[in-house]
Amino acid sequence: MNRIKAFLKDYYLFLMAAAILLGVWEWLVDTGRLPPFILPAPSGILLSLVENRDILLMHTWATFKETTIGFLIAALAGVSLAVSMFFFKSVQRTVYPAVLISQTIPIIALSPIFVLWFGYSIWSKVAVTVLIAFFPIVVSTYDGLNHHDRDYVDLLRSMGARRWQIFKKVQMPMALPSFFSGIKLAAVFSVVGATIGEWLGASEGLGYYSRRMSGSLNAEGVFSAIFLLSLLGMCFFGAAALAEKRTFKWKEVRKDVQHEKVDETQ
Amino acid sequence: MTFMMKNVSYSIKNNGERKSILRNINLEAAAGEFVSIIGKSGTGKSTLLKLACGLEKPDEGEIMIQNMPSVPGSAGYMPQKDLLLPWRTVMDNLLLSPELQKEKKEKKKEAEALLERVGLSACQEAYPHELSGGMRQRIAFLRTLLTGKDVLFLDEPFGALDAMTKKDMHQWMAALWRELNKTIVLVTHDLHEAVFLSDRIIVLHPSGETEEIMVQLPRPREAFLTPEITGLINTLESRITHESYQGIS
């Protein structure tokens with residue numbers, strides 16, 4: 001109960017604004033001020049969601065798969081690259097400029113190549129996802145690793161710690177806040193990546209579905225796909241945020257612990 | 001000698017120019033001795049400690065700890081900031097050094113006993129952010145003890161504490177040191193701290209010269225300013241400032 005209360009306290013303004021917006025939107029369409037093929041009413045979108053739930057579920061699952069696989073590959077590759085750049089300056093000098101330059105290439109321009117390589121299989125979509133999610137993970141992890149406190153490194157060195165131990169005990173934990181910022185961004189971008197990949201060549205997925213619906217001027221269908229995509233993005237973000245919260249559990253204020261009261265002068 | 005520095009010089013490279021930080025330093029500390037090093041800021045006190053525990057290499061001279069050249073891991077080192085790892089509990093922070101040496105299990109009992117001895121058993125499972133500044137500093141000192149080394153280098157360990165807490169820490173430290181039989185080299189710019197804790201005080205001048213002052217006051221020492229303590233503090237102050245007048249003229 002308390003959690004619901006806390007949630008309402010944080011978000012009631014947003015919820016109210018959303019309700020008003022939806023209300024006005026519904027009213028505009030219902031009263032005929034906006035034609036439904038331009039902007040379908042929220043109730044229409046909801047109806048379309050319910051009616052096509054089986055086929056939408058299948059497409060959502062396809063997008064979910066592409067996003068997850070792409071995100072995991074990006075995370076694994078991104079962290080590995082960031083760590084090796086951190087350990088070996090020569091790797092950083094060789095690869096980092098290339099990683100930066102790769103971001104200036106429009107992904108859309110690249111995707112025909114992916115279709116060429118991977119065909120219409122899931123991997124062309126995964127490739128686009130990886131390309132999009134990779135960058136924020138590399139940059140945030142590498143930055144995080146570089147922003148450790150030198151004093152801690154000296155302290156561990158004075159204890160006779162080896163390079164790898166210093167990395168494990170101090171540099172890695174200190175990189176986590178920045179790492180998670182990158183992960184949260186990448187989680188959201190992954191959904192975008194999978195959708196772009198589907199637009200350019202796919203036989204399933206919400207991106208493919210929304211394009212097909214747009215082709216047949218089914219505004220409700222397009223909007224329900226958009227709704228599900230944003231829901232998917234929120235889920236991925238939520239999962240990343242949850243992982244972050246669990247990692248930083250030690251930061252939470254514990255009410256039952258009152259060490260502060262241990263007498264200072266003893 | 002348990003700790004010895006012989007003809008040690010150190011310089012850093014700054015924009016291609018060599019800047020000398022320490023010149024021809026000679027120091028030593030006997031087993032179980034408490035030595036303080038004082039001096040104006042900028043005389044390279046902290047650098048001296050980093051050299052002593054092997055974190056930096058001197059340009060010239062030798063540094064020996066228990067008749068072996070000093071390398072990282074030869075001695076305990078406690079910097080000014082407590083540097084407790086915020087994501088570790090007090091106990092896990094204490095066991096950091098044993099963990100690196102792969103003897104965490106063996107040292108757990110010792111850590112518990114130490115906490116018990118200083119009355120901090122209650123905060124074994126607390127995180128550093130749940131403790132006050134004085135307590136964090138105590139834990140940081142215990143962590144230095146748990147390196148198991150006989151020689152400890154302390155770099156202004158109480159510098160960031162408020163005056164009252166600092167005074168408590170001095171008494172706490174003095175009492176603990178008397179039971180421990182450790183050699184401690186303390187860098188500080190607090191003259192009262194130096195007089196209250198040390199057997200011997202070394203004044204480090206910007207020129208690199210050193211001066212020694214013995215503190216022959218019986219222990220345990222008075223926490224408040226007795227005429228003897230005040231006298232020593234005045235002597236120290238004149239020695240430090242005298243040098244700076246010379247510098248101006």
# chains A, B, ... in the order shown; residues from 1 in each chain; ligands from 1
$ residues_around --residues "Val8 in chain B" --least-positions-apart "4" --cutoff "6 Å" --atoms "only C-alpha atoms" --output "list in words"
Asn24, Ile25, Glu60 and Gly61 of chain B
$ residues_around --residues "range 201-211 of chain B" --least-positions-apart "2" --cutoff "10 Å" --atoms "only C-alpha atoms" --output "short mmCIF file (atom, residue, chain, number, x, y, z; two decimals) with all heavy atoms, in the first residue's frame"
data_model
loop_
_atom_site.label_atom_id
_atom_site.label_comp_id
_atom_site.auth_asym_id
_atom_site.auth_seq_id
_atom_site.Cartn_x
_atom_site.Cartn_y
_atom_site.Cartn_z
N SER B 9 66.11 11.78 -2.82
CA SER B 9 65.70 12.95 -3.58
C SER B 9 64.58 12.55 -4.51
O SER B 9 64.53 11.42 -5.00
CB SER B 9 66.86 13.49 -4.41
OG SER B 9 67.90 13.88 -3.55
N ILE B 21 61.15 18.17 -5.56
CA ILE B 21 60.20 18.19 -4.44
C ILE B 21 60.96 17.93 -3.13
O ILE B 21 60.75 18.61 -2.13
CB ILE B 21 59.11 17.13 -4.62
CG1 ILE B 21 58.43 17.26 -5.98
CG2 ILE B 21 58.09 17.19 -3.49
CD1 ILE B 21 57.49 18.42 -6.11
N LEU B 22 61.81 16.94 -3.15
CA LEU B 22 62.56 16.60 -1.95
C LEU B 22 64.03 16.44 -2.31
O LEU B 22 64.36 15.89 -3.36
CB LEU B 22 62.04 15.28 -1.35
CG LEU B 22 60.60 15.27 -0.82
CD1 LEU B 22 60.13 13.85 -0.61
CD2 LEU B 22 60.51 16.05 0.48
N ARG B 23 64.89 16.97 -1.41
CA ARG B 23 66.32 16.86 -1.67
C ARG B 23 67.02 16.25 -0.47
O ARG B 23 66.91 16.76 0.64
CB ARG B 23 66.90 18.25 -1.96
CG ARG B 23 66.77 18.69 -3.41
CD ARG B 23 67.55 19.97 -3.65
NE ARG B 23 67.08 21.04 -2.79
CZ ARG B 23 66.13 21.94 -3.15
NH1 ARG B 23 65.59 21.86 -4.34
NH2 ARG B 23 65.76 22.88 -2.32
N ASN B 24 67.75 15.18 -0.73
CA ASN B 24 68.62 14.61 0.31
C ASN B 24 67.97 14.42 1.67
O ASN B 24 68.43 14.94 2.67
CB ASN B 24 69.85 15.49 0.49
CG ASN B 24 70.93 15.08 -0.46
OD1 ASN B 24 71.04 13.89 -0.76
ND2 ASN B 24 71.68 16.04 -0.96
N ILE B 25 66.91 13.71 1.68
CA ILE B 25 66.22 13.51 2.95
C ILE B 25 66.79 12.29 3.67
O ILE B 25 66.99 11.24 3.06
CB ILE B 25 64.71 13.27 2.72
CG1 ILE B 25 64.10 14.43 1.95
CG2 ILE B 25 63.99 13.04 4.04
CD1 ILE B 25 63.95 15.70 2.72
N ASN B 26 67.07 12.46 4.95
CA ASN B 26 67.49 11.33 5.78
C ASN B 26 66.55 11.22 6.97
O ASN B 26 66.35 12.19 7.70
CB ASN B 26 68.92 11.55 6.29
CG ASN B 26 69.91 11.38 5.16
OD1 ASN B 26 70.11 10.28 4.67
ND2 ASN B 26 70.49 12.49 4.74
N LEU B 27 65.99 10.05 7.13
CA LEU B 27 65.03 9.83 8.20
C LEU B 27 65.18 8.43 8.73
O LEU B 27 65.58 7.53 8.00
CB LEU B 27 63.60 9.92 7.67
CG LEU B 27 62.93 11.24 7.36
CD1 LEU B 27 61.53 10.94 6.86
CD2 LEU B 27 62.89 12.11 8.58
N PHE B 34 56.96 6.29 17.70
CA PHE B 34 55.95 7.13 17.05
C PHE B 34 56.64 8.41 16.62
O PHE B 34 57.05 9.20 17.45
CB PHE B 34 54.81 7.43 18.03
CG PHE B 34 53.54 7.89 17.37
CD1 PHE B 34 52.35 7.22 17.59
CD2 PHE B 34 53.54 9.00 16.52
CE1 PHE B 34 51.17 7.63 16.96
CE2 PHE B 34 52.38 9.41 15.90
CZ PHE B 34 51.18 8.73 16.12
N VAL B 35 56.80 8.58 15.32
CA VAL B 35 57.51 9.74 14.79
C VAL B 35 56.54 10.60 14.01
O VAL B 35 55.74 10.09 13.23
CB VAL B 35 58.66 9.31 13.86
CG1 VAL B 35 59.40 10.52 13.34
CG2 VAL B 35 59.60 8.37 14.58
N SER B 36 56.60 11.92 14.24
CA SER B 36 55.77 12.82 13.43
C SER B 36 56.64 13.66 12.54
O SER B 36 57.76 14.03 12.92
CB SER B 36 54.96 13.76 14.33
OG SER B 36 53.95 13.03 14.97
N ILE B 37 56.15 13.95 11.36
CA ILE B 37 56.85 14.85 10.45
C ILE B 37 55.98 16.07 10.27
O ILE B 37 54.81 15.95 9.89
CB ILE B 37 57.10 14.17 9.09
CG1 ILE B 37 57.93 12.90 9.29
CG2 ILE B 37 57.78 15.13 8.13
CD1 ILE B 37 58.07 12.06 8.05
N ILE B 38 56.50 17.25 10.61
CA ILE B 38 55.72 18.46 10.41
C ILE B 38 56.47 19.39 9.49
O ILE B 38 57.68 19.24 9.28
CB ILE B 38 55.38 19.18 11.74
CG1 ILE B 38 56.66 19.56 12.46
CG2 ILE B 38 54.51 18.31 12.62
CD1 ILE B 38 56.41 20.49 13.61
N GLY B 39 55.76 20.35 8.96
CA GLY B 39 56.38 21.30 8.06
C GLY B 39 55.29 22.08 7.38
O GLY B 39 54.12 21.69 7.41
N LYS B 40 55.68 23.19 6.79
CA LYS B 40 54.68 24.01 6.10
C LYS B 40 54.16 23.25 4.90
O LYS B 40 54.81 22.32 4.42
CB LYS B 40 55.33 25.31 5.62
CG LYS B 40 55.96 26.05 6.78
CD LYS B 40 56.05 27.54 6.54
CE LYS B 40 56.43 27.92 5.14
NZ LYS B 40 56.14 29.34 4.89
N SER B 41 52.99 23.68 4.42
CA SER B 41 52.48 22.97 3.26
C SER B 41 53.37 23.28 2.06
O SER B 41 53.94 24.37 1.95
CB SER B 41 51.02 23.35 2.98
OG SER B 41 50.86 24.73 3.10
N GLY B 42 53.51 22.32 1.21
CA GLY B 42 54.38 22.50 0.05
C GLY B 42 55.80 22.02 0.28
O GLY B 42 56.64 22.15 -0.59
N THR B 43 56.06 21.48 1.47
CA THR B 43 57.41 20.96 1.70
C THR B 43 57.54 19.51 1.25
O THR B 43 58.60 18.92 1.37
CB THR B 43 57.79 21.06 3.19
OG1 THR B 43 56.71 20.58 3.96
CG2 THR B 43 58.09 22.48 3.59
N GLY B 44 56.44 18.95 0.77
CA GLY B 44 56.53 17.59 0.24
C GLY B 44 56.32 16.50 1.27
O GLY B 44 56.83 15.39 1.12
N LYS B 45 55.57 16.82 2.33
CA LYS B 45 55.34 15.82 3.38
C LYS B 45 54.60 14.59 2.85
O LYS B 45 54.96 13.45 3.12
CB LYS B 45 54.52 16.42 4.53
CG LYS B 45 55.21 17.57 5.23
CD LYS B 45 54.39 18.06 6.40
CE LYS B 45 53.00 18.46 6.02
NZ LYS B 45 52.68 19.86 5.95
N VAL B 185 54.71 6.43 11.54
CA VAL B 185 55.23 7.70 11.04
C VAL B 185 54.03 8.53 10.60
O VAL B 185 53.28 8.11 9.73
CB VAL B 185 56.20 7.49 9.86
CG1 VAL B 185 56.68 8.83 9.33
CG2 VAL B 185 57.37 6.62 10.28
N LEU B 186 53.85 9.67 11.27
CA LEU B 186 52.66 10.48 11.03
C LEU B 186 53.07 11.81 10.40
O LEU B 186 53.97 12.48 10.89
CB LEU B 186 51.96 10.73 12.38
CG LEU B 186 50.85 11.78 12.43
CD1 LEU B 186 49.52 11.17 12.03
CD2 LEU B 186 50.74 12.37 13.82
N VAL B 187 52.38 12.16 9.33
CA VAL B 187 52.59 13.47 8.74
C VAL B 187 51.43 14.36 9.16
O VAL B 187 50.29 13.94 9.12
CB VAL B 187 52.63 13.37 7.20
CG1 VAL B 187 52.24 14.68 6.57
CG2 VAL B 187 54.02 12.96 6.74
N LEU B 191 50.37 21.05 15.21
CA LEU B 191 51.50 20.94 16.14
C LEU B 191 51.10 20.24 17.43
O LEU B 191 51.85 19.45 17.98
CB LEU B 191 52.07 22.33 16.44
CG LEU B 191 52.51 23.11 15.20
CD1 LEU B 191 53.04 24.48 15.60
CD2 LEU B 191 53.55 22.33 14.43
N ALA B 194 51.06 16.58 16.91
CA ALA B 194 52.41 16.02 16.87
C ALA B 194 52.97 15.86 18.28
O ALA B 194 53.50 14.81 18.63
CB ALA B 194 53.31 16.93 16.03
N VAL B 195 52.80 16.89 19.09
CA VAL B 195 53.37 16.84 20.45
C VAL B 195 52.64 15.80 21.29
O VAL B 195 53.25 15.03 22.03
CB VAL B 195 53.27 18.23 21.12
CG1 VAL B 195 53.67 18.14 22.60
CG2 VAL B 195 54.17 19.22 20.39
N LEU B 197 51.12 13.05 20.42
CA LEU B 197 51.24 11.65 20.04
C LEU B 197 52.67 11.12 19.94
O LEU B 197 52.90 9.93 20.15
CB LEU B 197 50.55 11.42 18.68
CG LEU B 197 49.02 11.52 18.65
CD1 LEU B 197 48.53 11.55 17.21
CD2 LEU B 197 48.38 10.36 19.40
N SER B 198 53.64 12.00 19.65
CA SER B 198 54.93 11.47 19.20
C SER B 198 55.96 11.26 20.29
O SER B 198 55.93 11.87 21.35
CB SER B 198 55.55 12.41 18.17
OG SER B 198 54.56 12.98 17.39
N ASP B 199 56.93 10.40 19.96
CA ASP B 199 58.16 10.28 20.74
C ASP B 199 59.17 11.29 20.21
O ASP B 199 60.01 11.79 20.94
CB ASP B 199 58.76 8.88 20.57
CG ASP B 199 57.84 7.81 21.11
OD1 ASP B 199 57.23 8.03 22.17
OD2 ASP B 199 57.71 6.75 20.46
N ILE B 213 63.20 17.01 17.13
CA ILE B 213 62.88 17.44 18.48
C ILE B 213 62.32 16.25 19.24
O ILE B 213 61.37 15.61 18.77
CB ILE B 213 61.86 18.59 18.45
CG1 ILE B 213 62.57 19.85 17.93
CG2 ILE B 213 61.29 18.86 19.83
CD1 ILE B 213 61.63 20.87 17.40
N MET B 214 62.92 15.92 20.35
CA MET B 214 62.43 14.80 21.14
C MET B 214 61.28 15.28 22.03
O MET B 214 61.30 16.39 22.53
CB MET B 214 63.55 14.24 22.05
CG MET B 214 64.78 13.77 21.31
SD MET B 214 64.42 12.43 20.15
CE MET B 214 64.14 11.10 21.31
N VAL B 215 60.30 14.43 22.20
CA VAL B 215 59.20 14.77 23.10
C VAL B 215 59.31 13.84 24.30
O VAL B 215 58.93 12.68 24.24
CB VAL B 215 57.84 14.59 22.42
CG1 VAL B 215 56.73 15.06 23.34
CG2 VAL B 215 57.80 15.34 21.10
N LEU B 236 58.34 24.44 18.27
CA LEU B 236 58.10 23.93 16.92
C LEU B 236 57.71 25.05 15.97
O LEU B 236 58.23 25.16 14.86
CB LEU B 236 56.98 22.88 16.93
CG LEU B 236 57.34 21.50 17.49
CD1 LEU B 236 56.09 20.67 17.63
CD2 LEU B 236 58.35 20.82 16.60
N GLU B 237 56.80 25.89 16.46
CA GLU B 237 56.30 26.96 15.62
C GLU B 237 57.44 27.89 15.20
O GLU B 237 57.55 28.28 14.04
CB GLU B 237 55.22 27.73 16.36
CG GLU B 237 54.33 28.50 15.41
CD GLU B 237 53.08 29.02 16.10
OE1 GLU B 237 52.70 28.48 17.17
OE2 GLU B 237 52.49 29.96 15.55
N ARG B 239 60.54 27.17 14.99
CA ARG B 239 61.43 26.48 14.05
C ARG B 239 60.86 26.53 12.63
O ARG B 239 61.59 26.72 11.67
CB ARG B 239 61.60 25.00 14.43
CG ARG B 239 62.26 24.76 15.74
CD ARG B 239 63.77 25.01 15.66
NE ARG B 239 64.34 25.04 16.99
CZ ARG B 239 64.75 23.97 17.66
NH1 ARG B 239 64.65 22.79 17.10
NH2 ARG B 239 65.25 24.08 18.86
N ILE B 240 59.55 26.34 12.54
CA ILE B 240 58.93 26.32 11.21
C ILE B 240 58.92 27.71 10.59
O ILE B 240 59.31 27.90 9.44
CB ILE B 240 57.49 25.76 11.28
CG1 ILE B 240 57.52 24.30 11.73
CG2 ILE B 240 56.80 25.87 9.93
CD1 ILE B 240 56.15 23.73 12.02
N THR B 241 58.51 28.70 11.36
CA THR B 241 58.37 30.05 10.79
C THR B 241 59.73 30.70 10.55
O THR B 241 59.90 31.44 9.61
CB THR B 241 57.53 30.96 11.69
OG1 THR B 241 58.01 30.82 13.03
CG2 THR B 241 56.07 30.58 11.63
N HIS B 242 60.70 30.38 11.41
CA HIS B 242 62.04 30.92 11.25
C HIS B 242 62.53 30.70 9.82
O HIS B 242 63.02 31.61 9.16
CB HIS B 242 62.99 30.23 12.23
CG HIS B 242 64.40 30.69 12.11
ND1 HIS B 242 64.75 32.00 12.31
CD2 HIS B 242 65.53 30.02 11.80
CE1 HIS B 242 66.06 32.12 12.13
NE2 HIS B 242 66.55 30.95 11.82
N GLU B 243 62.32 29.51 9.35
CA GLU B 243 62.74 29.14 8.00
C GLU B 243 62.07 30.02 6.96
O GLU B 243 62.70 30.47 6.01
CB GLU B 243 62.39 27.67 7.76
CG GLU B 243 62.63 27.18 6.36
CD GLU B 243 64.11 26.97 6.07
OE1 GLU B 243 64.89 26.78 7.04
OE2 GLU B 243 64.47 27.04 4.90
N SER B 244 60.79 30.32 7.19
CA SER B 244 60.07 31.08 6.18
C SER B 244 60.56 32.53 6.13
O SER B 244 60.60 33.13 5.07
CB SER B 244 58.57 31.02 6.43
OG SER B 244 58.25 31.80 7.55
N GLY B 247 63.43 32.66 4.03
CA GLY B 247 63.01 32.54 2.64
C GLY B 247 62.67 33.89 2.04
O GLY B 247 63.03 34.18 0.90
#
$ residues_around --residues "Arg88 in chain B" --least-positions-apart "5" --cutoff "8 Å" --atoms "only C-alpha atoms" --output "number ranges by chain"
A: 250; B: 93, 127-128
$ select_by_dssp --residues "range 110-261 of chain A" --states "alpha helix (DSSP H)" --output "PyMOL selection string"
chain A and resi 110-118+122-146+150-158+163-166+172-200+206-215+219-247
$ closest_atom_pairs --of "chain B" --to "chain A" --cutoff "6 Å" --atoms "only C-alpha atoms" --output "tab-separated table"
residue	atom	partner	partner_atom	distance
B:Pro72	CA	A:Ser158	CA	4.7
B:Gly73	CA	A:Gly160	CA	4.0
B:Trp87	CA	A:Trp250	CA	5.9
B:Ser97	CA	A:Met159	CA	5.9
B:Cys123	CA	A:His259	CA	6.0
B:Leu131	CA	A:Glu260	CA	5.7
$ write_last_selection --atoms "N, CA, C and O atoms" --output "PDB file, in the first residue's frame"
ATOM      1  N   PRO B  72      55.427  -1.352  -2.709  1.00  0.00           N
ATOM      2  CA  PRO B  72      54.027  -1.345  -2.277  1.00  0.00           C
ATOM      3  C   PRO B  72      53.697  -2.652  -1.568  1.00  0.00           C
ATOM      4  O   PRO B  72      54.009  -3.727  -2.067  1.00  0.00           O
ATOM      5  N   GLY B  73      53.104  -2.522  -0.387  1.00  0.00           N
ATOM      6  CA  GLY B  73      52.799  -3.721   0.383  1.00  0.00           C
ATOM      7  C   GLY B  73      53.773  -3.953   1.525  1.00  0.00           C
ATOM      8  O   GLY B  73      53.577  -4.847   2.332  1.00  0.00           O
ATOM      9  N   TRP B  87      30.549   0.997  -1.012  1.00  0.00           N
ATOM     10  CA  TRP B  87      29.619  -0.111  -1.270  1.00  0.00           C
ATOM     11  C   TRP B  87      29.935  -1.328  -0.412  1.00  0.00           C
ATOM     12  O   TRP B  87      29.329  -2.360  -0.558  1.00  0.00           O
ATOM     13  N   SER B  97      42.445  -5.490   2.793  1.00  0.00           N
ATOM     14  CA  SER B  97      43.828  -5.914   2.581  1.00  0.00           C
ATOM     15  C   SER B  97      43.992  -7.443   2.715  1.00  0.00           C
ATOM     16  O   SER B  97      44.612  -8.067   1.857  1.00  0.00           O
ATOM     17  N   CYS B 123      28.671  -1.601  14.658  1.00  0.00           N
ATOM     18  CA  CYS B 123      28.553  -1.112  13.286  1.00  0.00           C
ATOM     19  C   CYS B 123      29.252  -2.002  12.267  1.00  0.00           C
ATOM     20  O   CYS B 123      29.554  -1.594  11.161  1.00  0.00           O
ATOM     21  N   LEU B 131      27.944   6.201   8.980  1.00  0.00           N
ATOM     22  CA  LEU B 131      28.802   6.506  10.125  1.00  0.00           C
ATOM     23  C   LEU B 131      29.208   7.974  10.137  1.00  0.00           C
ATOM     24  O   LEU B 131      29.203   8.633   9.105  1.00  0.00           O
TER      25      LEU B 131
END
$ closest_residue --among "B:Met164, B:Leu83, B:Val71, B:Met91" --to "Gln137 in chain B" --atoms "only C-alpha atoms"
B:Leu83
$ atom_distance --atom1 "CA of Pro106 in chain A" --atom2 "CA of Trp123 in chain A"
18.7 Å
$ select_by_dssp --residues "range 2-181 of chain B" --states "strand (DSSP E or B)" --output "number ranges by chain"
B: 3-14, 17-29, 34-38, 60-65, 68-69, 76-78, 151-155
$ write_last_selection --atoms "N, CA and C atoms" --output "compact mmCIF listing (two decimals), in the first residue's frame"
# COMPACT_ATOMS: atom_id res chain seq x y z
N PHE B 3 62.60 1.58 10.00
CA PHE B 3 62.34 2.37 8.80
C PHE B 3 63.49 3.34 8.59
N MET B 4 63.96 3.41 7.37
CA MET B 4 65.10 4.26 7.11
C MET B 4 65.03 4.86 5.71
N MET B 5 65.29 6.16 5.63
CA MET B 5 65.39 6.84 4.34
C MET B 5 66.76 7.45 4.27
N LYS B 6 67.49 7.16 3.21
CA LYS B 6 68.88 7.63 3.15
C LYS B 6 69.11 8.40 1.87
N ASN B 7 69.47 9.67 2.02
CA ASN B 7 69.80 10.53 0.87
C ASN B 7 68.74 10.50 -0.23
N VAL B 8 67.48 10.58 0.17
CA VAL B 8 66.41 10.44 -0.81
C VAL B 8 66.10 11.78 -1.49
N SER B 9 66.11 11.78 -2.82
CA SER B 9 65.70 12.95 -3.58
C SER B 9 64.58 12.55 -4.51
N TYR B 10 63.70 13.50 -4.76
CA TYR B 10 62.57 13.20 -5.63
C TYR B 10 62.16 14.46 -6.38
N SER B 11 61.88 14.30 -7.66
CA SER B 11 61.41 15.45 -8.43
C SER B 11 60.31 15.00 -9.36
N ILE B 12 59.51 15.95 -9.80
CA ILE B 12 58.47 15.59 -10.75
C ILE B 12 58.71 16.36 -12.04
N LYS B 13 58.18 15.84 -13.11
CA LYS B 13 58.31 16.49 -14.40
C LYS B 13 57.08 17.36 -14.60
N ASN B 14 57.31 18.64 -14.83
CA ASN B 14 56.20 19.55 -15.01
C ASN B 14 56.41 20.34 -16.29
N GLU B 17 59.88 20.49 -17.53
CA GLU B 17 60.89 20.93 -16.57
C GLU B 17 60.86 20.04 -15.35
N ARG B 18 62.03 19.76 -14.84
CA ARG B 18 62.11 18.96 -13.61
C ARG B 18 61.92 19.89 -12.42
N LYS B 19 60.99 19.50 -11.55
CA LYS B 19 60.79 20.33 -10.37
C LYS B 19 61.14 19.47 -9.16
N SER B 20 62.11 19.95 -8.41
CA SER B 20 62.55 19.16 -7.27
C SER B 20 61.56 19.31 -6.11
N ILE B 21 61.15 18.17 -5.56
CA ILE B 21 60.20 18.19 -4.44
C ILE B 21 60.96 17.93 -3.13
N LEU B 22 61.81 16.94 -3.15
CA LEU B 22 62.56 16.60 -1.95
C LEU B 22 64.03 16.44 -2.31
N ARG B 23 64.89 16.97 -1.41
CA ARG B 23 66.32 16.86 -1.67
C ARG B 23 67.02 16.25 -0.47
N ASN B 24 67.75 15.18 -0.73
CA ASN B 24 68.62 14.61 0.31
C ASN B 24 67.97 14.42 1.67
N ILE B 25 66.91 13.71 1.68
CA ILE B 25 66.22 13.51 2.95
C ILE B 25 66.79 12.29 3.67
N ASN B 26 67.07 12.46 4.95
CA ASN B 26 67.49 11.33 5.78
C ASN B 26 66.55 11.22 6.97
N LEU B 27 65.99 10.05 7.13
CA LEU B 27 65.03 9.83 8.20
C LEU B 27 65.18 8.43 8.73
N GLU B 28 64.81 8.24 9.99
CA GLU B 28 64.69 6.86 10.43
C GLU B 28 63.73 6.76 11.60
N ALA B 29 63.23 5.56 11.81
CA ALA B 29 62.35 5.33 12.94
C ALA B 29 62.67 3.96 13.51
N PHE B 34 56.96 6.29 17.70
CA PHE B 34 55.95 7.13 17.05
C PHE B 34 56.64 8.41 16.62
N VAL B 35 56.80 8.58 15.32
CA VAL B 35 57.51 9.74 14.79
C VAL B 35 56.54 10.60 14.01
N SER B 36 56.60 11.92 14.24
CA SER B 36 55.77 12.82 13.43
C SER B 36 56.64 13.66 12.54
N ILE B 37 56.15 13.95 11.36
CA ILE B 37 56.85 14.85 10.45
C ILE B 37 55.98 16.07 10.27
N ILE B 38 56.50 17.25 10.61
CA ILE B 38 55.72 18.46 10.41
C ILE B 38 56.47 19.39 9.49
N GLU B 60 66.85 9.33 -6.34
CA GLU B 60 68.10 8.85 -5.74
C GLU B 60 67.83 8.41 -4.32
N GLY B 61 68.77 7.66 -3.76
CA GLY B 61 68.69 7.29 -2.36
C GLY B 61 67.98 5.97 -2.16
N GLU B 62 68.02 5.51 -0.90
CA GLU B 62 67.34 4.24 -0.64
C GLU B 62 66.36 4.37 0.52
N ILE B 63 65.32 3.56 0.44
CA ILE B 63 64.29 3.54 1.47
C ILE B 63 64.14 2.10 1.92
N MET B 64 64.38 1.87 3.20
CA MET B 64 64.34 0.50 3.71
C MET B 64 63.26 0.36 4.77
N ILE B 65 62.52 -0.73 4.70
CA ILE B 65 61.59 -1.07 5.76
C ILE B 65 61.96 -2.46 6.26
N MET B 68 64.56 -4.22 4.26
CA MET B 68 64.27 -4.60 2.88
C MET B 68 63.89 -3.32 2.12
N PRO B 69 64.24 -3.22 0.85
CA PRO B 69 63.80 -2.05 0.08
C PRO B 69 62.26 -1.95 0.10
N GLY B 76 51.84 -0.32 6.09
CA GLY B 76 50.45 0.16 6.05
C GLY B 76 50.44 1.64 5.71
N TYR B 77 49.43 2.06 4.98
CA TYR B 77 49.35 3.47 4.55
C TYR B 77 47.94 3.97 4.77
N MET B 78 47.82 5.08 5.46
CA MET B 78 46.50 5.66 5.71
C MET B 78 46.50 7.10 5.23
N VAL B 151 55.03 -1.43 10.25
CA VAL B 151 55.28 0.01 10.05
C VAL B 151 54.04 0.63 9.40
N LEU B 152 53.54 1.70 10.01
CA LEU B 152 52.35 2.36 9.46
C LEU B 152 52.67 3.82 9.13
N PHE B 153 52.27 4.23 7.94
CA PHE B 153 52.45 5.62 7.54
C PHE B 153 51.09 6.31 7.50
N LEU B 154 50.95 7.36 8.29
CA LEU B 154 49.67 8.05 8.35
C LEU B 154 49.82 9.46 7.78
N ASP B 155 49.05 9.77 6.76
CA ASP B 155 49.14 11.07 6.12
C ASP B 155 47.99 11.97 6.56
